[in-house]
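Participant: Can you keep this structure in mind? I'll have questions shortly.
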Amino acid sequence: MFKKIAVIGAGIMGHGIAEIVALNGYVVFLCDVSEEILQEATKKIVWSLRKMAEKGKLSEEDLTSTLNRIKTTTSLAEAVKDSELIIEAVPESLELKRELFSKIDRMARPEAILGTNTSSLPISEIAAVTSRPDKVLGIHFFNPPVIMPLVEIVCGDKTSRQTLDSILNFVKTLGKQVVVCKKDVPGFIVNRILEALIQEAAWMVHRGEASILEVDSAVKYRAKLPMGLFELSDYVGIDILYSAGKAIQDRDKGVIVSPLFEEYYKNGWYGRKSGKGFYAYSGGLWERPKIPPELADNVDLKEIFASAVNAAAWLLRNDVVEKEDLDKAVILGLNFPEGILRMADRWGIDVIVQVLRTKQLKYGEYYNPDPLLENMVANNKLGVKTHRGFYEYTQ
Ligand code: CAA
């Protein structure tokens with residue numbers, strides 16, 4: 001197993017990845033371009049470990065030893081040299097990641113595995129700039145990495161079985177569960193669904209069909225997701241979701257980024273980290289916006305979720321993931337109370353297709369129902385009401 005691990009990029013994801021890795025006994029070199037960024041990252045790690053200690057989940061001794069295992073540095077060479085695994089978590093730019101991987105490849109040991117935490121960019125194109133594409137893969141954590149139970153693993157065209165097996169074993173040692181995305185498709189599993197969901201909510205607000213508070217109230221109190229979609233966008237970072245959405249849009253139009261996101265992104269209203277996003281923040285490390293429960297009935301959940309069901313159907317039809325793993329991915333990666341395919345079965349596949357057709361007539365071909373959904377309707381696989389949908393149901 002690995003003894004030394006490097007995490008490159010100490011932002012929202014990078015610091016959390018370094019923390020969970022160190023918590024599980026590994027020595028981690030956390031690297032970024034300035035001391036200020038590293039100090040900020042350390043402050044967040046200390047806050048998070050203290051929270052766990054306060055709740056009795058971590059002893060003072062373990063807190064100290066975890067912190068001692070995290071070494072910060074602005075020298076990429078120092079971080080990478082002697083590391084057996086290098087996890088990159090820099091901003092979502094293919095150019096930036098390719099440049100970095102080319103450098104890391106020259107500095108790292110020949111046997112080192114290089115992982116990227118990208119949520120949407122092509123693994124094979126990142127691997128192609130290295131001399132070891134067989135040792136490159138996607139290791140996608142979810143925010144906050146220390147709490148969220150899932151890691152999504154994505155192989156590139158040339159990732160070897162040996163590399164995949166080492167990383168599957170490694171992820172297990174972090175106490176996380178894994179879903180393997182079988183194809184290097186834009187957005188992989190979780191982000192393809194999440195982006196379809198969040199962008200649809202933002203399109204609805206842009207079109208005047210619902211307000212931010214109405215969407216968040218319905219999603220939180222009726223669909224029972226842990227956060228409203230705009231609350232989650234602020235939490236993850238509007239800049240991050242914007243770039244990931246654009247990356248999917250540019251590659252295969254699996255999502256179309258809404259003008260609302262474009263506006264917030266261009267204005268630098270990134271969410272919690274910039275003090276303003278869809279909600280306002282005062283700078284605390286754990287702040288939740290107030291979402292009034294009484295607005296929960298003002299919007300139909302199927303209007304918000306239909307595009308995400310369509311994205312899920314696309315993933316199944318293209319053999320990117322099995323249905324059980326797809327539902328596991330949203331339950332463990334996004335803390336959904338149930339799988340999105342189960343939700344669709346409950347709502348009725350014919351009802352989802354009808355919602356998509358209505359949107360298609362008004363807003364165009366992005367809303368074309370996936371052929372998988374059309375076939376299900378043609379074959380009376382309508383979900384719970386006909387006892388057959390994505391799953392089988394007994395009387
Ligand atoms: N470390 C330690 N403790 C933390 C923490 C951290 N990083 N973050 C939050 N906490 C603590 C809070 O301080 C709070 O403690 P207190 O009770 O003492 O105040 C507690 O955890 C959270 O309690 P809450 O009741 O306020 O919150 P919750 O029950 O809603 O759980 C959550 C928090 C797990 C984050 C939950 O809201 C959730 O699952 N949200 C959705 C997260 C999600 O979908 N993540 C994936 C996003 S997509 C992504 O990351 C991929 C990508 O590439 C874009």
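Naming scheme: A, B, ... for chains in displayed order of the structure tokens; residues 1 onward per chain; ligands 1 onward as shown.
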Could I get the residue neighbourhood of ligand 1 at 7 Å, counting only C-alpha atoms and all ligand atoms, as a list in words?
Facilitator: Gly16, Ser48, Leu49, Lys51, Met52, Thr118, Ser119, His140, Phe141, Phe142, Asn143, Pro144, Val146, Ile147, Met148, Asn191, Pro226, Met227, Leu232, Val236, Ile240, Leu241, Trp286, Gly333, Leu334 and Asn335 of chain A
Participant: Could you take the residues named above and write them with N, CA, C and O atoms, as a short mmCIF file (atom, residue, chain, number, x, y, z; two decimals), in the first residue's frame?
Facilitator:
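Generated file (out-v1.cif):
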data_model
loop_
_atom_site.label_atom_id
_atom_site.label_comp_id
_atom_site.auth_asym_id
_atom_site.auth_seq_id
_atom_site.Cartn_x
_atom_site.Cartn_y
_atom_site.Cartn_z
N GLY A 16 -9.92 18.87 1.60
CA GLY A 16 -10.74 17.80 2.17
C GLY A 16 -10.18 16.41 1.83
O GLY A 16 -10.25 15.49 2.65
N SER A 48 -12.39 21.35 10.73
CA SER A 48 -13.13 20.11 10.49
C SER A 48 -12.75 19.02 11.51
O SER A 48 -13.61 18.34 12.06
N LEU A 49 -11.45 18.88 11.77
CA LEU A 49 -11.01 17.87 12.74
C LEU A 49 -11.52 18.21 14.13
O LEU A 49 -11.93 17.33 14.90
N LYS A 51 -14.30 19.82 14.81
CA LYS A 51 -15.72 19.47 14.81
C LYS A 51 -15.90 17.99 15.15
O LYS A 51 -16.74 17.60 15.94
N MET A 52 -15.05 17.16 14.52
CA MET A 52 -15.16 15.72 14.75
C MET A 52 -14.78 15.38 16.19
O MET A 52 -15.41 14.52 16.82
N THR A 118 -11.03 15.41 -11.24
CA THR A 118 -11.97 16.11 -12.12
C THR A 118 -13.36 15.49 -12.03
O THR A 118 -13.50 14.28 -11.85
N SER A 119 -14.39 16.35 -12.18
CA SER A 119 -15.75 15.83 -12.11
C SER A 119 -16.34 15.68 -13.49
O SER A 119 -17.42 15.12 -13.64
N HIS A 140 -12.74 10.54 -8.11
CA HIS A 140 -13.62 11.70 -7.89
C HIS A 140 -14.29 11.63 -6.51
O HIS A 140 -15.12 10.77 -6.27
N PHE A 141 -13.90 12.56 -5.65
CA PHE A 141 -14.49 12.67 -4.30
C PHE A 141 -15.67 13.63 -4.35
O PHE A 141 -15.84 14.40 -5.29
N PHE A 142 -16.46 13.63 -3.28
CA PHE A 142 -17.62 14.52 -3.19
C PHE A 142 -17.48 15.42 -1.98
O PHE A 142 -16.94 15.01 -0.94
N ASN A 143 -17.98 16.61 -2.12
CA ASN A 143 -17.80 17.65 -1.11
C ASN A 143 -18.87 17.55 -0.01
O ASN A 143 -20.05 17.55 -0.35
N PRO A 144 -18.52 17.45 1.26
CA PRO A 144 -17.17 17.45 1.81
C PRO A 144 -16.57 16.03 1.84
O PRO A 144 -17.22 15.11 2.37
N VAL A 146 -14.57 14.49 3.59
CA VAL A 146 -14.44 13.82 4.88
C VAL A 146 -15.76 13.18 5.32
O VAL A 146 -15.77 12.20 6.08
N ILE A 147 -16.88 13.67 4.81
CA ILE A 147 -18.19 13.16 5.22
C ILE A 147 -18.84 12.28 4.13
O ILE A 147 -19.44 11.26 4.43
N MET A 148 -18.76 12.70 2.88
CA MET A 148 -19.50 11.99 1.83
C MET A 148 -18.92 10.60 1.61
O MET A 148 -17.70 10.45 1.43
N ASN A 191 -22.02 13.70 -11.77
CA ASN A 191 -22.13 15.08 -12.24
C ASN A 191 -23.04 15.23 -13.45
O ASN A 191 -23.61 16.29 -13.67
N PRO A 226 -30.71 16.60 1.07
CA PRO A 226 -30.17 17.27 2.27
C PRO A 226 -30.06 18.78 2.12
O PRO A 226 -30.05 19.50 3.11
N MET A 227 -29.93 19.25 0.88
CA MET A 227 -29.83 20.70 0.65
C MET A 227 -30.71 21.06 -0.54
O MET A 227 -30.92 20.23 -1.43
N LEU A 232 -27.01 23.99 -2.49
CA LEU A 232 -25.91 23.08 -2.81
C LEU A 232 -24.94 23.74 -3.79
O LEU A 232 -23.71 23.60 -3.65
N VAL A 236 -21.04 23.97 -3.09
CA VAL A 236 -20.00 23.36 -3.94
C VAL A 236 -19.19 24.46 -4.63
O VAL A 236 -17.98 24.32 -4.84
N ILE A 240 -17.39 26.23 -9.86
CA ILE A 240 -17.05 24.83 -10.13
C ILE A 240 -18.16 24.17 -10.96
O ILE A 240 -17.91 23.50 -11.96
N LEU A 241 -19.41 24.40 -10.55
CA LEU A 241 -20.53 23.78 -11.28
C LEU A 241 -20.68 24.38 -12.68
O LEU A 241 -21.05 23.69 -13.63
N TRP A 286 -19.38 27.11 8.45
CA TRP A 286 -20.56 26.25 8.24
C TRP A 286 -21.82 27.08 8.41
O TRP A 286 -22.31 27.29 9.53
N GLY A 333 -23.25 9.66 -3.19
CA GLY A 333 -22.48 10.81 -3.67
C GLY A 333 -23.19 12.13 -3.45
O GLY A 333 -22.56 13.18 -3.38
N LEU A 334 -24.52 12.09 -3.33
CA LEU A 334 -25.29 13.33 -3.17
C LEU A 334 -26.22 13.27 -1.96
O LEU A 334 -27.00 14.19 -1.74
N ASN A 335 -26.17 12.14 -1.25
CA ASN A 335 -27.05 11.93 -0.09
C ASN A 335 -28.53 12.03 -0.44
O ASN A 335 -29.34 12.56 0.34
#
Participant: Can you list, as a list in words, every protein, DNA or RNA residue that comes within 8 Å of range 255-260 of chain A when you count only C-alpha atoms, leaving out same-chain residues fewer than 6 positions away?
Facilitator: Arg192, Glu195, Ala196, Gln199, Glu200, Ala202, Trp203, Val205, His206, Tyr242, Gly245, Lys246, Ile248, Gln249 and Tyr366 of chain A
Participant: Among range 199-373 of chain A, which residues does DSSP mark as alpha helix (DSSP H) when it is run on the backbone? Keep the chain and numbering as in the structure and answer as a ChimeraX atom specification.
Facilitator: /A:199-206,212-217,229-236,238-252,259-266,301-317,323-333,340-347,349-363,371-373
Participant: Tell me, as a ChimeraX atom specification, which residues lie within 10 Å of range 265-279 of chain A, counting only C-alpha atoms; anything in the same chain fewer than 6 positions away does not count.
Facilitator: /A:12,212-213,229-243,259,285-290
